[in-house]
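Take a look at the structure below.
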Amino acid sequence: MSLIVQKYGGTSVGTVERIESVADKVIGWRQKGHDIVVVVSAMSGETNRLVEMAKAIQEQPVPRELDVLLATGEQITIALLSMALEKRGCTARSYTGHQVHIRTDSVHNKARIVDIDDKRIRKDLDKGRVVVVAGFQGMDEEGNITTLGRGGSDTSAVALAAALKADECQIYTDVDGVYTTDPRVVPEARRLDHITYEEMLEMASLGAKVLQIRSVEFASKYGVRLRVLSSFEDTATGTLISAEETEMEQALISGIAFNRDEAKVTILGVPDQPGVAHKILGPIADNNIELDMIIQNVAEDSTTDFTFTVHRNDFDKSLAIMKETANKLGAREVTGDSKIVKVSIVGVGMRSHAGIASTMFETLAKEGVNIRMISTSEIKISVVVDEKYLELSVRALHEAFGLDQLA
Ligand code: ADP
Ligand code: ASP
Ligand code: MG
C-alpha cells in the first residue's frame, strides 16, 4: 500500500459531471488499497472570472484582497469533490490551504510555500479518509490568505507530496503526459515516457505551461516522483519526471517550448563606460520587472547598444523607464517590439553533441524566419522571432529534430 498525492486541474474538475468522474477515479485508487490525498484547482475559467471581476473594480487590485477572492475558486471544488466521494460511500474531508497549515511567505499573488504541517492530514488518513485539499493557496505568518501564482495547484500538490513523503505525485490534466511540444500547436507531437527534472524545468521555464515551474523545482529538490497523466483516459501511464537520464540520452532534443508573452526593448548609442549595464538595467530591476534575455553589442565608436526582453505585461513600463534612462545617459534612441516570441529547444543530449545550434539556425533560415536574438545554456537554445512565425518555427524544428510521431 502506498500514499499517493493526486492533483486534478481546472478542466478535470470543470463541471459537476467531471467532478463526479474524478470521484470515481479516486475511489478506483482507494480500492487498490492506496492512501489518497487529492489537490484540486478551481473549475476551469473560474480564476479568470474572479480576476476579471476584481479588475472591473480596480485595475490593479489590492494584492491581499485579490488573494482572498481567488482562493474561493478552489474552495468550491474541494467541497463538491468531497460530496461526490461521500455520496459514493467513501469518507472524505475537504480543507482549505490554511486549515492544513500550508505556510507561505507574504508575497501576495506569488507566494512561496515555506512549510507544511502534515499532522492533520495524517490523522485523517489514519482514519481511512480521503483528504481533499484546495490547491493554489496558503497562509502567511500573520494568517493572511495567499496564493501561489497561476498554475499554482501543481506546486501545492508537489509540496504536499514532499511533506507527506508520498510515494508518487500524480498530476491529472487534459493531456496524457508531457509532449515533445504543446500538442495544441503541433498535432504530430509525441508523448514522452520519461523526462528528467532538469529538462522539465527548462521546458516549464521556457513556456511549456503543462506544469508550474515551481512545482518542478520542488520535485527536483525533494526527489518527489512526479507523473503527468490524463484525467480523461484510464489506461495511459503518462510521463514520469525523475532524476534518471537513461532513456533520454538517445535523443538529442527532448522537446520544444515557446513563450508568447515576450517583448523586447533596445537602447541604442549609449556612451560605453564601466557601469553602463548597471545604469540601464538597475532601474528596470528597481521596478520589480523581471528580465529574461540580455544582449550587449560590441562597442565600435565608443557607444554600445543594449537589448533585453521582458514579459509583455511589463513592456510599456519598461519602455517608459528606458526613455528616461536614455535621456540621463545621453543615448541616441530607444525602440521596442511587443510582437515577438521565444522558441527554445531543450535536451540533455546537447551536452555531448555539437552542431545542434547550426541545425536549428539552418532550419529556421530555410523557412525564411529571421532570428532576432539568440541565447544558449548547457541544455537549451532559445531564439526570439517575430510572433507571426511562431507556429511555423515550432513545427519546422519539431520535424528537423526528428520529434514527429512515427506514422
Ligand atoms: P490544468 O488545468 O490541468 O492545470 P494546464 O492547461 O495548466 O492544465 O496544462 C495542460 C496544457 O498544457 C495542455 O492542454 C497543453 O495544451 C499544454 N502544454 C504546453 N506544452 C505542453 C507539453 N510540452 N506537453 C503537454 N502539454 C503541454
Ligand atoms: N486556479 C488557479 C489558476 O487558474 C491555480 C491552478 O489552476 O493551478 O491559475
Ligand atoms: Mg495547470
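How things are named: the first chain in the C-alpha cells is A, the next is B, and so on; residues count from 1 in each chain; ligands count from 1 in the order shown.
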
Excluding A:Leu226 and any residue of its chain fewer than 3 positions from it, enumerate the residues within 12 Å of it, using only C-alpha atoms, and give them as number ranges by chain.
-> A: 4-7, 154-155, 157-159, 161-162, 166-172, 177-178, 194-197, 200, 211, 215-220, 222-223, 229, 237-243

Residue selection dump (N, CA and C atoms) as a compact mmCIF listing (two decimals), in the first residue's frame:
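Output (out-v9.txt):
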```txt
# COMPACT_ATOMS: atom_id res chain seq x y z
N ILE A 4 -0.42 8.25 -2.21
CA ILE A 4 -0.34 8.97 -3.47
C ILE A 4 -1.03 10.33 -3.34
N VAL A 5 -0.35 11.37 -3.80
CA VAL A 5 -0.99 12.68 -3.89
C VAL A 5 -1.40 12.88 -5.34
N GLN A 6 -2.69 13.16 -5.55
CA GLN A 6 -3.18 13.36 -6.92
C GLN A 6 -3.68 14.78 -7.06
N LYS A 7 -3.33 15.42 -8.18
CA LYS A 7 -3.83 16.77 -8.42
C LYS A 7 -4.68 16.78 -9.68
N ASP A 154 -0.31 22.88 -9.00
CA ASP A 154 0.74 21.87 -9.24
C ASP A 154 1.73 21.90 -8.07
N THR A 155 2.10 23.12 -7.68
CA THR A 155 3.09 23.28 -6.61
C THR A 155 2.51 22.83 -5.27
N ALA A 157 0.43 20.49 -4.81
CA ALA A 157 0.44 19.02 -4.81
C ALA A 157 1.84 18.47 -4.55
N VAL A 158 2.83 19.02 -5.23
CA VAL A 158 4.19 18.51 -5.07
C VAL A 158 4.69 18.79 -3.64
N ALA A 159 4.37 19.97 -3.13
CA ALA A 159 4.81 20.32 -1.78
C ALA A 159 4.16 19.39 -0.75
N ALA A 161 3.15 16.34 -1.38
CA ALA A 161 3.77 15.03 -1.58
C ALA A 161 5.13 14.98 -0.87
N ALA A 162 5.88 16.08 -0.94
CA ALA A 162 7.18 16.13 -0.26
C ALA A 162 6.98 16.08 1.26
N ALA A 166 5.19 11.15 0.16
CA ALA A 166 4.32 10.29 -0.64
C ALA A 166 5.15 9.47 -1.62
N ASP A 167 4.59 8.35 -2.03
CA ASP A 167 5.31 7.51 -2.98
C ASP A 167 5.31 8.10 -4.38
N GLU A 168 4.25 8.84 -4.70
CA GLU A 168 4.18 9.45 -6.03
C GLU A 168 3.25 10.65 -6.00
N CYS A 169 3.53 11.63 -6.84
CA CYS A 169 2.63 12.76 -7.02
C CYS A 169 2.13 12.71 -8.45
N GLN A 170 0.82 12.54 -8.61
CA GLN A 170 0.24 12.40 -9.95
C GLN A 170 -0.51 13.68 -10.33
N ILE A 171 -0.13 14.25 -11.46
CA ILE A 171 -0.78 15.48 -11.93
C ILE A 171 -1.74 15.09 -13.05
N TYR A 172 -3.04 15.10 -12.77
CA TYR A 172 -4.03 14.76 -13.79
C TYR A 172 -4.47 16.01 -14.54
N GLY A 177 0.13 13.37 -20.78
CA GLY A 177 1.53 13.40 -20.39
C GLY A 177 2.22 14.64 -20.91
N VAL A 178 3.52 14.65 -20.74
CA VAL A 178 4.33 15.75 -21.27
C VAL A 178 4.70 15.37 -22.70
N HIS A 194 9.31 9.48 -20.33
CA HIS A 194 10.14 9.93 -19.21
C HIS A 194 10.86 11.21 -19.58
N ILE A 195 11.01 12.10 -18.62
CA ILE A 195 11.81 13.30 -18.83
C ILE A 195 12.49 13.62 -17.50
N THR A 196 13.71 14.18 -17.56
CA THR A 196 14.41 14.48 -16.30
C THR A 196 13.86 15.78 -15.70
N TYR A 197 14.06 15.93 -14.40
CA TYR A 197 13.67 17.17 -13.72
C TYR A 197 14.27 18.37 -14.43
N MET A 200 12.58 19.11 -17.67
CA MET A 200 11.23 19.60 -17.43
C MET A 200 11.26 21.02 -16.89
N LEU A 211 3.18 22.25 -16.52
CA LEU A 211 3.46 22.23 -15.08
C LEU A 211 3.96 23.60 -14.64
N SER A 215 6.66 23.89 -9.23
CA SER A 215 6.34 22.50 -8.86
C SER A 215 7.50 21.59 -9.26
N VAL A 216 8.12 21.90 -10.39
CA VAL A 216 9.24 21.06 -10.86
C VAL A 216 10.47 21.31 -9.98
N GLU A 217 10.70 22.57 -9.61
CA GLU A 217 11.81 22.88 -8.70
C GLU A 217 11.67 22.10 -7.40
N PHE A 218 10.45 22.12 -6.88
CA PHE A 218 10.16 21.44 -5.62
C PHE A 218 10.39 19.93 -5.74
N ALA A 219 9.89 19.38 -6.84
CA ALA A 219 10.00 17.93 -7.05
C ALA A 219 11.47 17.53 -7.13
N SER A 220 12.24 18.35 -7.83
CA SER A 220 13.65 18.06 -8.00
C SER A 220 14.39 18.17 -6.67
N TYR A 222 13.25 17.87 -3.60
CA TYR A 222 12.90 16.85 -2.59
C TYR A 222 12.79 15.45 -3.18
N GLY A 223 13.16 15.31 -4.45
CA GLY A 223 13.14 13.98 -5.07
C GLY A 223 11.75 13.37 -5.14
N LEU A 229 -0.53 12.78 -16.07
CA LEU A 229 -1.47 11.81 -16.63
C LEU A 229 -2.75 12.48 -17.08
N THR A 237 0.01 5.50 -19.00
CA THR A 237 0.95 5.59 -17.89
C THR A 237 1.51 7.00 -17.75
N GLY A 238 1.19 7.86 -18.72
CA GLY A 238 1.62 9.24 -18.64
C GLY A 238 3.11 9.42 -18.81
N THR A 239 3.61 10.51 -18.25
CA THR A 239 5.04 10.82 -18.31
C THR A 239 5.60 10.87 -16.91
N LEU A 240 6.68 10.13 -16.70
CA LEU A 240 7.34 10.17 -15.40
C LEU A 240 8.45 11.22 -15.43
N ILE A 241 8.48 12.06 -14.41
CA ILE A 241 9.53 13.07 -14.31
C ILE A 241 10.40 12.70 -13.12
N SER A 242 11.67 12.42 -13.39
CA SER A 242 12.54 11.99 -12.30
C SER A 242 13.98 12.37 -12.63
N ALA A 243 14.90 11.93 -11.77
CA ALA A 243 16.29 12.36 -11.95
C ALA A 243 17.05 11.56 -13.01
```

Let me have all residues with an atom within 8 Å of ligand 3, counting only C-alpha atoms and all ligand atoms, laid out as a list in words.
->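 Listed by chain and ascending number, the contacts are Gly9, Gly10, Arg150, Gly151, Gly152, Ser153, Asp154, Thr173, Lys209, Val210, Leu211 and Gln212 of chain A.
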
Between atom CA of A:Met322 and atom CA of A:Ile267, measure the distance and give it in Å to one decimal.
->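 Computing it gives 7.2 Å between the two atoms.
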
Within 12 Å of stretch 354-378 of chain A: each stretch 181-213 of chain A residue with its shortest pair, only C-alpha atoms, as a tab-separated table:
```
residue	atom	partner	partner_atom	distance
A:Glu198	CA	A:Glu378	CA	10.9
A:Glu199	CA	A:Glu378	CA	10.8
A:Glu202	CA	A:Ser377	CA	10.0
A:Leu206	CA	A:Ser375	CA	11.8
```

Could you name the residues that touch stretch 389-395 of chain A at 8 Å or less, counting only C-alpha atoms, but leaving out those on the same chain fewer than 2 positions away, as an NGL selection string?
-> :A and (185-186 or 256 or 258 or 341 or 343 or 364 or 367 or 369 or 385-387 or 397-399)

Identify, counting only C-alpha atoms and all ligand atoms, the protein, DNA and RNA residues located within 10 Å of ligand 2, and give them as a ChimeraX atom specification.
-> /A:7-11,39-51,70-74,134-137,147-157,211-212

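Shortest atom-to-atom contact with A:Ala277 among A:Ser382, A:Thr325, A:Thr91, A:Ser254: A:Thr325, counting only C-alpha atoms.
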
Please, which residues of stretch 109-311 of chain A, numbered as in this document, come out helix (DSSP H, G or I) from DSSP, as number ranges by chain?
-> A: 119-126, 153-163, 197-205, 213-222, 246-250, 276-286

Counting only C-alpha atoms and all ligand atoms, closest pick from A:Ile340, A:Ile321, A:Val68, A:Val346 relative to ligand 1 is A:Val346

Write out as a ChimeraX atom specification all residues of stretch 32-221 of chain A that backbone DSSP assigns to strand (DSSP E or B).
-> /A:35-40,92-95,102-104,113-116,130-134,137-139,145-147,168-173,179,191,194-196

For C-alpha atoms, I'd like the residues from the last selection saved as a compact mmCIF listing (two decimals), in the first residue's frame.
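After the write, result_17.txt holds the following:
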```txt
# COMPACT_ATOMS: atom_id res chain seq x y z
CA ASP A 35 -3.99 6.21 0.72
CA ILE A 36 -5.02 9.21 -1.33
CA VAL A 37 -4.63 12.95 -0.83
CA VAL A 38 -6.30 14.95 -3.59
CA VAL A 39 -5.40 18.51 -4.54
CA VAL A 40 -7.84 20.34 -6.79
CA ALA A 92 -13.61 12.30 2.73
CA ARG A 93 -12.64 15.61 4.29
CA SER A 94 -12.05 18.86 2.44
CA TYR A 95 -9.62 21.51 3.67
CA ILE A 102 0.30 25.38 4.13
CA ARG A 103 2.51 28.22 5.33
CA THR A 104 3.84 30.66 2.76
CA ILE A 113 5.47 27.68 0.34
CA VAL A 114 7.82 27.64 3.32
CA ASP A 115 6.37 24.89 5.46
CA ILE A 116 3.56 22.34 5.70
CA VAL A 130 -9.56 10.66 1.54
CA VAL A 131 -8.19 14.14 2.17
CA VAL A 132 -9.13 16.82 -0.36
CA VAL A 133 -7.00 19.96 -0.24
CA ALA A 134 -7.50 23.27 -2.05
CA GLN A 137 -3.44 28.74 -1.68
CA GLY A 138 -1.78 29.05 1.68
CA MET A 139 -1.47 31.36 4.62
CA ILE A 145 -4.62 34.14 2.78
CA THR A 146 -2.04 33.93 -0.01
CA THR A 147 -1.99 32.39 -3.49
CA GLU A 168 4.18 9.45 -6.03
CA CYS A 169 2.63 12.76 -7.02
CA GLN A 170 0.24 12.40 -9.95
CA ILE A 171 -0.78 15.48 -11.93
CA TYR A 172 -4.03 14.76 -13.79
CA THR A 173 -4.77 17.10 -16.65
CA TYR A 179 4.73 16.02 -25.03
CA ARG A 191 4.20 11.87 -25.56
CA HIS A 194 10.14 9.93 -19.21
CA ILE A 195 11.81 13.30 -18.83
CA THR A 196 14.41 14.48 -16.30
```

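Residue nearest ligand 1, chosen from A:Asp176, A:Glu20, A:Asp126, A:Glu142 and counting only C-alpha atoms and all ligand atoms: A:Asp176.
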
Which one of A:Asp305, A:Asp174, A:Asp193, A:Asp261 sits closest to ligand 1 if you count only C-alpha atoms and all ligand atoms?
-> A:Asp174

Between A:Gly97, A:Gly128, A:Gly33, A:Pro183, which one has atoms that come closest to ligand 1, using only C-alpha atoms and all ligand atoms?
-> A:Pro183

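Ranking A:Thr180, A:Ser82, A:Asn297, A:Thr15 by their shortest atom-to-atom distance to ligand 1, with only C-alpha atoms and all ligand atoms included, puts A:Thr180 first.
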
So how many Å separate atom CA of A:His34 and atom CA of A:Met1, to one decimal?
->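 Between these atoms lies a distance of 5.2 Å.
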
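One distance worth recording is that between atom CA of A:Thr304 and atom CA of A:Asn327, which is 15.1 Å.
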